[in-house]
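Scroll down for the structure; my scribbles are underneath it.
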Amino acid sequence: MLRYACLRVLGAIPTLLLVIAIAFLMVHAAPGGPFDSERVLPPDIAANIERAYHLDEPLSQQFFRYLQGLVQGDLGPSFRYRDYRVSDIIGDAFPQSMRLGALSMLLAFVVGVSLGIAAALRKNTLFDRLISGVAMIGISVPIFVVAPLMVLVFAVLLDWLPASFASGNGASRFILPVIALALPQIAYITRLTRASLIEVLQSDYIRTARAQGLKSASIIRYHAIKPAMLPLLSYLGPAIAAVLTGSVVVEQVFGIPGVGQFFISGAVNRDYTLALGITIFYAAIVIALNLVVDLLYGYLDPRTRAR
Amino acid sequence: MSLLKVQNLQVRYPRSDGAVVENLSFSIQKGECLGLVGESGSGKTQTAMAIMGLLPTNAKIGGSVLIEQTEILGASTATLNQIRARRIAMVFQDPLSALNPYICIGSQLQRILLEHKFCPPNEAVQRVLAMLTKVGLPDPDRQFRVFPHQLSGGMRQRVMIGAALLGAPDLLIADEPTTALDVTVQAQVLTLLASIREETDAALLLITHDLSVVAGHCDRLLVMDRGRLVEEGKTAKIFASPSSDKMKALLAVAPRIDRNAPTTQAGDDVVLDARDISVGFKERRLGGHKNLHAVRSTDISLRRGETLAIVGESGSGKTSLVRALVGLIPTTGVVSFLGDRLAATVGARTALQHRNLQMIFQDPLASLNPAMRIVNIVAEPLIVHGENTQAQATATAMLARVGISSEYLYRFPHELSGGQAQRVAIARALILKPAVLICDEAVAALDGTVQEEILNLLQAEQAQSGVAIVFITHDLAVVRQLGHRVAVMYMGRLCEVADNDALFSRPRHPYTRALLDAVPVPDPDIQSTHRSLIGEVGSILSPPSGCPFHPRCEHAIVMCSDRLPDFREEPFGSVACHRADELDLGY
């Protein structure tokens, strides 16, 4: 198991390098640069700045310089937030995003799996149709519609909860953003769990368990849950990565200084190092979570284990 | 007082005309072994499901099923769960899918004990181990933690039987318990069921399409046809003088090895000669791979108009061998085909060679393109080979020849029955007038009567066109009926090649003899020579030293484990056994 994990980590290095190279090229290929603004700088000042940030060097040289820093754990200086290193920015912003994301995923998992199981057990009843219908709405209505609506209802009209993260304090300021972030995930997880459990319940080994006189509850708990969770697992890897690294919309609506906000500003401002740094950070998290998913797969499905 | 009483059982489904089970009444006495036979679709399994209370919720069920005083039909799940495992237990056909692949087998058995409180929780593991020992699992301590996919088919079915016996039921229902198993393993499982009946005095309802399975084991028989009971009585009496047309038909087509070999004559000129064929796969493992030799230096030759039957248990390499001949998997060795050397890969072969080497497969529906109409499926090979003009007309004629009437021409494969689909597959293969037709378990998925029809069709086509046939099968009765010559394979090597009559009357390899002994005969009077072969086919990942068969061979001597026997080619039959000359294995 440990050997397998090590091999996988090593195997991730080429993937990561490819991501870095493509991201680097794309960031630099975008028109404009970090120091373009309405006010045109005098040529010698512009040249000075470019030299200070090594932007006058050939692209290949810049790339290797960047890689060199990366190996030492340095993502470079931010071009826009002067005096900040990209690593510091991520280090400050990520805990904010992660806390929010982890709470949302936890909520989404518990609620989604429960609703999915409940719907699967009452397949084709009114309850099931209702759940599936609501889940479909949850998937199709975008978060930038739901989040402001929630603010309007619960913060402005009812005044139960704070409208923004910064203005509130304590646990209450988490409630709206966590729910907003969790809603589409609840919908996906509900649908996945429902479909997968229905399929498992039709399999021969469930028929065997019924023939053995096991109670429905035991059949679900003992025989069906584990196989039904497998498709969900493949979805959860990338989904957790996406949610942990911050939702741009939710952070914007609730004013949370998370990674998502910096990602957008980095891209818009041509803050090369910031945009690149967050991309690489995101890629690393996706790779790491996929590794965790694969290891869990091996644990859950004995047929995929190396003999 | 009967143990189980079924009265006027009726099962039908909405949106389908006719009942799948119609007005069925029978009873089972305590300790009795009752056989329920019929072809697929006759309602056997639906009957078993009704007894277990396992029919789907949309089934419309009528009549009554009583286990002593308790009515099963319409009973609550709680009542049913009191009956299941305790009173009635069931063994299913395919033990791989019937066991949960995510849970180790010991734990699955333990769950039954705990759920029903058959024993105190701290004794459960001991009880499971005792049961695994009882059903013949070697090394039960280790097997407790094993997952179903790590066991062989026979061992899985033993686990299923063990699971069914945990509650000491009064009635055991076994639905095609040996259909998915090899013939030597089938014999072992049937022996196990028989010994359990002797020991526990449980009644057994044995459901099968295979008359030879019930012939040796059941006291009484029920014969079903299209949902109805058509005959009932003592096994010996039904076999001796069947009264229903269905049973007569079933008996007439029941494959048996004590029949006659084919009467057609094979030609003299060799059309295909394969020398030193080996097929290897690399089994990927962590940090490397292991070589797996599916076929090892095997020689096969085939004459015009001849049928060579290749027989062997699963894992014997028979399918790998013909896939290599057809060029679907890489191989080493030399194949001469119609006088020319045949390239190893499909891509390097000439169009003429392709035309002359055709193949049909086990599952006819899966081998026909579901999006194409029948006539186009059959015409396609002609079009591929540039004969567009008459393609449709030729295909229509070919389909008529294999017995597919014109009303089916524009239908899709899923609208055909299994037998019809296999006829279409045969038409598609024969439309190019090949010199060699390779059939991979071509009748294994078909019912008895349909199987007979397809075999007759192949023989008729051979008589007409002189096509040479390589027929792969695990079924010795099919071999007997179809093969001019027979090749027996074991763990990737040839054991014996002989003419049909010689092989069946005077087998020279102990494995051949063991295979013949394991075949049950559909005749209650001939069940005497039943000697089960011990053990199961070994792993080709780590084949035994010397002769691959020696660990299971009752005639093995020291030399057998030391040295691989040569495959000695002799005109009257070739054999690879050190002791072939001194042993007399004939009947």
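Residue numbering restarts at 1 for every chain of the structure tokens, chains are lettered A, B, ... in their displayed order, and ligands are numbered from 1 as they appear.
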(message) At a cut-off of 10 Å, using only C-alpha atoms, what residues contact Ala147 of chain A? Leave out same-chain residues fewer than 2 positions from it and give the result as a list of chain:residue names.
(response) A:Pro142, A:Ile143, A:Phe144, A:Val145, A:Leu149, A:Met150, A:Val151, A:Leu152, A:Leu176, A:Pro177, A:Ile179, A:Ala180, A:Leu181, A:Leu183, A:Val249, A:Val250, A:Val253, A:Phe254
Next, dump the selected residues to file, keeping only N, CA and C atoms, as a tab-separated table (two decimals), in the first residue's frame.
chain	number	residue	atom	x	y	z
A	142	PRO	N	-28.01	28.04	-11.06
A	142	PRO	CA	-26.63	28.36	-10.71
A	142	PRO	C	-26.52	29.03	-9.34
A	143	ILE	N	-25.35	28.88	-8.77
A	143	ILE	CA	-25.10	29.35	-7.42
A	143	ILE	C	-25.20	30.88	-7.32
A	144	PHE	N	-24.90	31.58	-8.45
A	144	PHE	CA	-24.97	33.04	-8.38
A	144	PHE	C	-26.41	33.54	-8.39
A	145	VAL	N	-27.36	32.64	-8.60
A	145	VAL	CA	-28.76	33.01	-8.43
A	145	VAL	C	-29.19	32.69	-7.00
A	149	LEU	N	-30.17	35.33	-3.58
A	149	LEU	CA	-31.55	35.13	-3.12
A	149	LEU	C	-31.59	34.80	-1.65
A	150	MET	N	-30.65	33.94	-1.23
A	150	MET	CA	-30.59	33.57	0.19
A	150	MET	C	-30.27	34.79	1.04
A	151	VAL	N	-29.36	35.61	0.56
A	151	VAL	CA	-29.03	36.83	1.30
A	151	VAL	C	-30.26	37.71	1.42
A	152	LEU	N	-30.98	37.83	0.29
A	152	LEU	CA	-32.16	38.69	0.26
A	152	LEU	C	-33.19	38.21	1.28
A	176	LEU	N	-25.03	30.89	5.96
A	176	LEU	CA	-25.46	31.14	4.58
A	176	LEU	C	-24.43	30.68	3.55
A	177	PRO	N	-23.16	31.10	3.67
A	177	PRO	CA	-22.20	30.65	2.64
A	177	PRO	C	-22.05	29.13	2.59
A	179	ILE	N	-24.29	26.83	3.31
A	179	ILE	CA	-25.46	26.25	2.66
A	179	ILE	C	-25.43	26.54	1.16
A	180	ALA	N	-25.09	27.79	0.80
A	180	ALA	CA	-25.06	28.15	-0.62
A	180	ALA	C	-24.09	27.26	-1.38
A	181	LEU	N	-22.95	27.02	-0.76
A	181	LEU	CA	-21.93	26.19	-1.42
A	181	LEU	C	-22.34	24.72	-1.45
A	183	LEU	N	-25.50	23.46	-1.51
A	183	LEU	CA	-26.74	23.09	-2.21
A	183	LEU	C	-26.52	22.30	-3.50
A	249	VAL	N	-17.89	32.64	-6.71
A	249	VAL	CA	-19.18	33.32	-6.57
A	249	VAL	C	-19.52	33.51	-5.09
A	250	VAL	N	-19.43	32.40	-4.33
A	250	VAL	CA	-19.80	32.49	-2.92
A	250	VAL	C	-18.88	33.48	-2.18
A	253	VAL	N	-20.03	36.99	-3.17
A	253	VAL	CA	-21.32	37.39	-2.62
A	253	VAL	C	-21.22	37.68	-1.13
A	254	PHE	N	-20.50	36.83	-0.41
A	254	PHE	CA	-20.44	37.01	1.04
A	254	PHE	C	-19.19	37.74	1.52
(request) Give the residues of chain B that lie within 7 Å of chain A; count only C-alpha atoms, and format the answer as a PyMOL selection string. (result) chain B and resi 52+81-82+84-85+89-90+97-100+102+112+115+149+286
(message) as number ranges by chain, please: every residue in segment 145-255 of chain A that a backbone DSSP assignment puts in helix (DSSP H, G or I).
(response) A: 145-157, 172-201, 204-211, 216-244, 248-254
(message) Could you list, as an NGL selection string, every residue within 12 Å of Gly386 of chain B, counting only C-alpha atoms and ignoring same-chain residues fewer than 4 positions away?
(response) :B and (351-352 or 355 or 379-382 or 390-391 or 432)
Written selection (C-alpha atoms) as a PDB file, in the first residue's frame:
ATOM      1  CA  ALA B 351      -8.130 -11.132 -48.073  1.00  0.00           C
ATOM      2  CA  LEU B 352      -8.361 -14.714 -49.306  1.00  0.00           C
ATOM      3  CA  ARG B 355     -12.421 -15.331 -46.282  1.00  0.00           C
ATOM      4  CA  ALA B 379     -24.433  -9.430 -46.439  1.00  0.00           C
ATOM      5  CA  GLU B 380     -21.701  -7.391 -44.797  1.00  0.00           C
ATOM      6  CA  PRO B 381     -18.838  -9.872 -45.271  1.00  0.00           C
ATOM      7  CA  LEU B 382     -19.592  -9.964 -49.023  1.00  0.00           C
ATOM      8  CA  GLN B 390     -25.549  -9.722 -55.422  1.00  0.00           C
ATOM      9  CA  ALA B 391     -24.875  -9.275 -51.703  1.00  0.00           C
ATOM     10  CA  LEU B 432     -17.908 -16.400 -47.753  1.00  0.00           C
TER      11      LEU B 432
END
(message) When you look at segment 28-31 of chain A with a cut-off of 9 Å (counting only C-alpha atoms), what residues show up, excluding the ones that are within fewer than 4 positions of it in the same chain? I need them as a count of residues only.
(response) 5
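Note that the spacing between atom CA of Gly418 of chain B and atom CA of Ala366 of chain B amounts to 10.3 Å.
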(message) Need to verify the contact set: segment 312-315 of chain B, 12 Å, only C-alpha atoms, exclusion of same-chain residues closer than 2 positions in sequence. Can you return it as a PyMOL selection string?
(response) chain B and resi 152-154+180-186+292-295+309-310+317-321+441+471-476+479+486-496+511-512+514-516+518+536-541+543
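We find atom CA of Tyr53 of chain A and atom CA of Ile13 of chain A to be spaced 26.9 Å apart.
Every protein, DNA or RNA residue with an atom at most 6 Å from segment 442-452 of chain B, where only C-alpha atoms count and chain neighbours fewer than 2 positions away do not, is listed here: B:Val253, B:Phe361, B:Gln362, B:Gly419, B:Cys439, B:Asp440, B:Ile454, B:Leu455.
Using only C-alpha atoms, the nearest neighbour of Leu244 of chain A within the list A:Leu70, A:Ala93, A:Ala187, A:Leu18 is A:Ala93.
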(request) Tell me, as a count of residues only, which residues lie within 8 Å of Phe263 of chain A, counting only C-alpha atoms; anything in the same chain fewer than 4 positions away does not count. (result) 5
